[in-house]
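Visitor: The structure that follows is given in the form of structure tokens.
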Amino acid sequence: MVKLREEDKRTLSDLKSIFLIDSSGERIPVSNFVTISNSTAPQQINRENKERIIHVEGDLPASSKLTSTEMAKMVQNVLDDTYIPRENVTVSLGGENMDVGTYLPIFILIILVAVFLVYGVMASQFESFLDPLIIFFSIPLMLIGVVWIYKLTNDSFSLFSLIGVVALAGVVVNNGIVLVDYTNTLRARGLGLFEACSEAGRHRLRPILMSTLTTILGIMPLALFPGKGTESIQPIAKTMFGGLLISSIMTLFLTPVLYSLFNERRDKKNRKKEREVEKWRKEEGATEVDDDTN
């Protein structure tokens, strides 16, 4: 590698004063066959996977309500309309937009695992596979609240919102657990199905409202009135606020109805079995009497 000294390449005149010697030994100035001009060039060349790469970075303005996903779509539209593809040149979007595409399947898997673990814990505690299934109908209700809160505030769903959904998967079932557990207790005391559902809803209304309101009011300032530095935490609080608010209200009405529907069918089967057992006992008793008479 041949290099000029620093003092020999400070100005354009220094470069133009360079001479080359041809095969006959004559000195030929470089300016005779080279055009020298000012231009721009990268200060350094970065490579990833043995390929040259240039990162063009930018942040969203603090006053903007756009999310990285929306901004990525706008940038992509501009590239599609104005950028002329070149050979061996590839343009791709990275940053948080790439993280959303990368981690979205992972978060979906985490939500499914969380739901499975919650179901397993409830099934072992209730010693039943049906009661946890009744409670799990409150999980889809949280999506209504999540969609509602983002539509109301005109914000967009982001990667941090998915973290709030994961947290909601284990929180929204609490009210259903309280209702179903107390309903089972009343039925064990001898109350009928309809009376047990009605009494459970009446007696557990106050504790459910107290626990729900303390959680909702606690996260409401962060969810609806964010400050500086809360851009990452605020979507989590907003997701939990909307999901808890709607699912808690609807669970109070839906869970007793589902409990009644599922257990009514089971009670009919149990009553049918009891009648068959009673009929069998009577037949056995009549057979024994006939044997004794003979």
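Numbering starts fresh at 1 for the residues of each chain in the structure tokens, the chains themselves are lettered A, B, ... in the order given, and ligands are numbered from 1 as they appear.
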Excluding Pro132 (chain A) and residues on its chain fewer than 2 positions from it, collect all residues at most 12 Å away from it, counting only C-alpha atoms, and give them as a PyMOL selection string.
Guide: chain A and resi 115-130+134-139+173-174+176-181+255+258-259+262
Visitor: Just give me the gap between CA of Thr230 (chain A) and CA of Tyr150 (chain A) in Å, one decimal is fine.
Guide: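 A separation of 16.7 Å between them.
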Visitor: Which residue out of A:Lys9, A:Ser37, A:Phe241, A:Val172 has the minimum interatomic distance to Ile208 (chain A) when only C-alpha atoms are used?
Guide: A:Val172
Visitor: For Ser31 (chain A), list every protein, DNA or RNA residue within 12 Å, evaluated using only C-alpha atoms, and leave out those in the same chain fewer than 5 positions away; present the list as number ranges by chain.
Guide: A: 12-20, 36-37
